[in-house]
Amino acid sequence: MPISTDHLKIIEQRLLWLSHWMIHNANHIRPKVDGIKVGGHQASSASMVSIMTALYFSALRPEDRVAVKPHASPVFHAIQYLMGNQTREKMENFRGYGGVQSYPSRTKDIDDVDFSTGSVGLGVGITALASLMQDFIAAKSWGKDVELGRMVALVGDAELDEGNIYEVLQEGWKNDLRNTWWIIDYNRQSLDGIVREGLFTRIEKIFDAFGWDVVRVKYGALQRAAFDEPGGDRLRAWIDSCPNAEYSALTYMGGAVWRQRLMDDLGDQGDVTALIEARSDDALAELMENLGGNCVATMAEQFAAIDHNRPTCFLAYTIKGWGTPIAGHKDNHGGLMTKAQMAAWQEDMGVAVGEEWEPLATVTDRPALKEFLQEAAFFSKGRRRYNDAKLPVPSISIDTSREISTQAAFGKILDDLSKGDSALAERIMTTSPDVTGTTGLGAWVNRRKLFARAVQNDTFIENRIPSTAKWNFDPEGQHLELGIAEMNLFLLLGAAGLSHSLFGKRVIPIGTVYDPFVSRGLDALNYACYQDARFMIVGTPSGVTLAPEGGAHQSIGTPLIGMSQDGLAAFEPAFADELAVIMAWAFDYMQRDGDDDPDERTWLRDETGGSIYLRLTTKPLEQPGTRNDDAFRQGAIDGAYWLRKPGPNCSVVIAYQGAVADEAIAAAGVIAEHRRDVGVLAITSADRLNAGWTAAQRDRARGNPSARSHIESLLEDLPRDCALVTVIDGHPATLAWLGGVAGHRTIAHGVEHFGQTGTIGDVARHFRIDKGALIESVSGLTAGKMVTD
């Protein structure tokens, strides 16, 4: 669509007003309940308004996707409100219960959010990895009809302090990144101060080194016109040499101060004096504040000039708080206009009292503007949330006739899938941060190849050098190899897990990582779950069972992460058949999108689905033989089943999760020689047990006495004086809560400190998660109390 500068300028002013009024209303007009500032980042919104106007109303197409700078959320919501995609009620309740969100949210806002933002830097990085996913899909026979769009990030300059951004740059370079725009709001102010002088000169070199085009947008149309006047070259030189802090302070003080300073520095140079004196104070201030990022016409021209798909970084110079009374002030990041300032500004903006929420207030030719808005390409297809049909899950089984670890079983299950031709296997994308071979993905990759847009053959194979790994890159490849950066892993899983919504093509993403290093990418994992991305993360090897590696490679707290992370169902199976059952269920669970109604059998909310976390181990276990009964299969999914059902006079139950199964079973065998009816509870998911229990408690409190969770059903027949002895190769709190379900005494075994190096037996004894420690704890039980060491 041809650029209409007049219309863009009108829209810019409307968005500037609406975004700021929404914040002002929340802080100064809406009744306060708790007396604290609501906030809303007026200045950070103002610096972005020209950029976002040009982007949304002249540059974007429906297939493009945007991650909006968190602090520009009010402008985004104002855009959607102007287009009829957001309600006044929610705008009036900005940052209130049920109102528009502080930062754009895919799951909580009703308007068309492409990527949630909020944890700074992550919204930037995910756009590059979404572009890689777009290429991954478009290269497949089932994705040929995908229209390639640009993945766009609106970036606060302070976000460039985040290290994950530079990890993404490197990953993009390795994978030949394209169709990605990062637009940097270079207002040179952050929460605590002014951005250091010359910083972006260095950052620009980093972008250049990784193959990005860098477009500096420093001067607006007014400034460029002034530079063409006599003396304009010296004005330009003065602007270029003015320190960031000084430019901000002069902006805040206004036209008269600008005049004095420019006359002091340049006023004896004849033609420069004429250039300055030809303008009123207001016109001079407008000229000096007309930086490229605050000039909607300039931004539209710069966007339109890009005629290639190379990754591009726009460095848009802006004034923080541009166009408002708080422009340039050092404290304006979290600052707000006062009531007096807003009243004066409202008069200056020409908004009549009573028309503050009118989308087209101040617009004289409303039919013409409405026609322009209707022709905006980005909005032409309406809400751009897609979906794709669910993929049927093929039968998944595994040989349980030999000792095997859950990590090896995971690799075998994927290898079996790779040999088949199921639609599900065709859509699986695996990825790993440089630990593919050591986390069980090797056989899958050998059969399904690595992804690249161009074929790259394995030199070792071509030269007949023996190797277990076949590293063939191909557009049809289904493994996307990453460097050692767990943040990138979870951002890629987040992007891949949104493919059905972003691109209309369902992908089944599976990522593997050393379990202790889940914590390295925890911010990005939380971010991916917050967006309701659907993926499977496999943490392996896990626990101190990885004994020879020592404490740095032994995970302790990851089971608690699995329990506490919203949107993630965490499992830790001990046996291969449990894993097979769980993975078959998980592939379906990842694709669910139903109503949020509880399952009355477990009281979990499984209808909506989510992501999956499997905590696996390298420790081989003797398998329990073939098991196909419904109680086992359903119990493995629900979180627990009786491996050894307790009798009516049970005094002890051993409850275990994961790799310590053999220790728990052996201990129960010894204890049963002296105590009757000993039970063994096999727990596959403390997360799902706990979630079902708390959900049932909530529902009973709301007046539904029939609500009953799976764990309550399992424990209901135990005698009141029965003791629970729990054990896990992880933090003991993972299972310690079981005593609260029915009031049973509980002794929790687990790991609370950094590990030791040694054999599995040595380390298990050190942490008292071995057979002997469990027997000792049972021996310490007396009729009325629990004796501790």
# chains A, B, ... in the order shown; residues from 1 in each chain; ligands from 1
call {"tool": "residues_around", "arguments": {"residues": "Asp233 (chain A)", "least_positions_apart": "6", "cutoff": "10 Å", "atoms": "only C-alpha atoms", "output": "PyMOL selection string"}}
result
chain A and resi 224+226-227+239+272
call {"tool": "closest_atom_pairs", "arguments": {"of": "region 99-189 of chain A", "to": "region 375-382 of chain A", "cutoff": "12 Å", "atoms": "only C-alpha atoms", "output": "CSV"}}
result
residue,atom,partner,partner_atom,distance
A:Asp111,CA,A:Gly382,CA,10.6
A:Asp112,CA,A:Gly382,CA,8.9
A:Gly149,CA,A:Phe378,CA,11.2
A:Arg150,CA,A:Phe378,CA,11.8
call {"tool": "write_last_selection", "arguments": {"atoms": "C-alpha atoms", "output": "PDB file, in the first residue's frame"}}
result
ATOM      1  CA  ASP A 111      -6.216  -8.959  21.130  1.00  0.00           C
ATOM      2  CA  ASP A 112      -3.945 -10.499  18.531  1.00  0.00           C
ATOM      3  CA  GLY A 149       6.618 -13.930   6.924  1.00  0.00           C
ATOM      4  CA  ARG A 150       9.033 -11.686   8.757  1.00  0.00           C
TER       5      ARG A 150
END
call {"tool": "atom_distance", "arguments": {"atom1": "CA of Ile137 (chain A)", "atom2": "CA of Asp515 (chain A)"}}
result
28.3 Å
call {"tool": "residues_around", "arguments": {"residues": "Glu578 (chain A)", "least_positions_apart": "5", "cutoff": "8 Å", "atoms": "only C-alpha atoms", "output": "ChimeraX atom specification"}}
result
/A:573,633,636,684
call {"tool": "residues_around", "arguments": {"residues": "region 543-558 of chain A", "least_positions_apart": "6", "cutoff": "6 Å", "atoms": "only C-alpha atoms", "output": "MDAnalysis selection string"}}
result
chainID A and resid 516 729:731 754:760
call {"tool": "residues_around", "arguments": {"residues": "region 83-99 of chain A", "least_positions_apart": "5", "cutoff": "12 Å", "atoms": "only C-alpha atoms", "output": "number ranges by chain"}}
result
A: 11, 14-15, 18-34, 37-41, 56-57, 73-78, 104-105, 108-113, 356-360, 369-376, 378-380, 382-384
call {"tool": "closest_residue", "arguments": {"among": "A:Ala661, A:Ser651, A:Val146, A:Glu347", "to": "Asp721 (chain A)", "atoms": "only C-alpha atoms"}}
result
A:Ser651
call {"tool": "select_by_dssp", "arguments": {"residues": "region 538-670 of chain A", "states": "strand (DSSP E)", "output": "list of chain:residue names"}}
result
A:Val538, A:Gly539, A:Leu568, A:Ala569, A:Ala570, A:Phe571, A:Ser611, A:Ile612, A:Tyr613, A:Leu614, A:Arg615, A:Ala640, A:Tyr641, A:Trp642, A:Leu643, A:Arg644, A:Val652, A:Val653, A:Ile654, A:Ala655, A:Tyr656, A:Gln657
call {"tool": "closest_residue", "arguments": {"among": "A:Leu724, A:Leu82, A:Met263, A:Met429", "to": "Lys140 (chain A)", "atoms": "only C-alpha atoms"}}
result
A:Met429
call {"tool": "residues_around", "arguments": {"residues": "region 68-70 of chain A", "least_positions_apart": "6", "cutoff": "6 Å", "atoms": "only C-alpha atoms", "output": "VMD selection string"}}
result
chain A and resid 103 117 to 118 154 to 155
call {"tool": "residues_around", "arguments": {"residues": "Asp699 (chain A)", "least_positions_apart": "3", "cutoff": "12 Å", "atoms": "only C-alpha atoms", "output": "number ranges by chain"}}
result
A: 597-600, 603-604, 692-696, 702-709
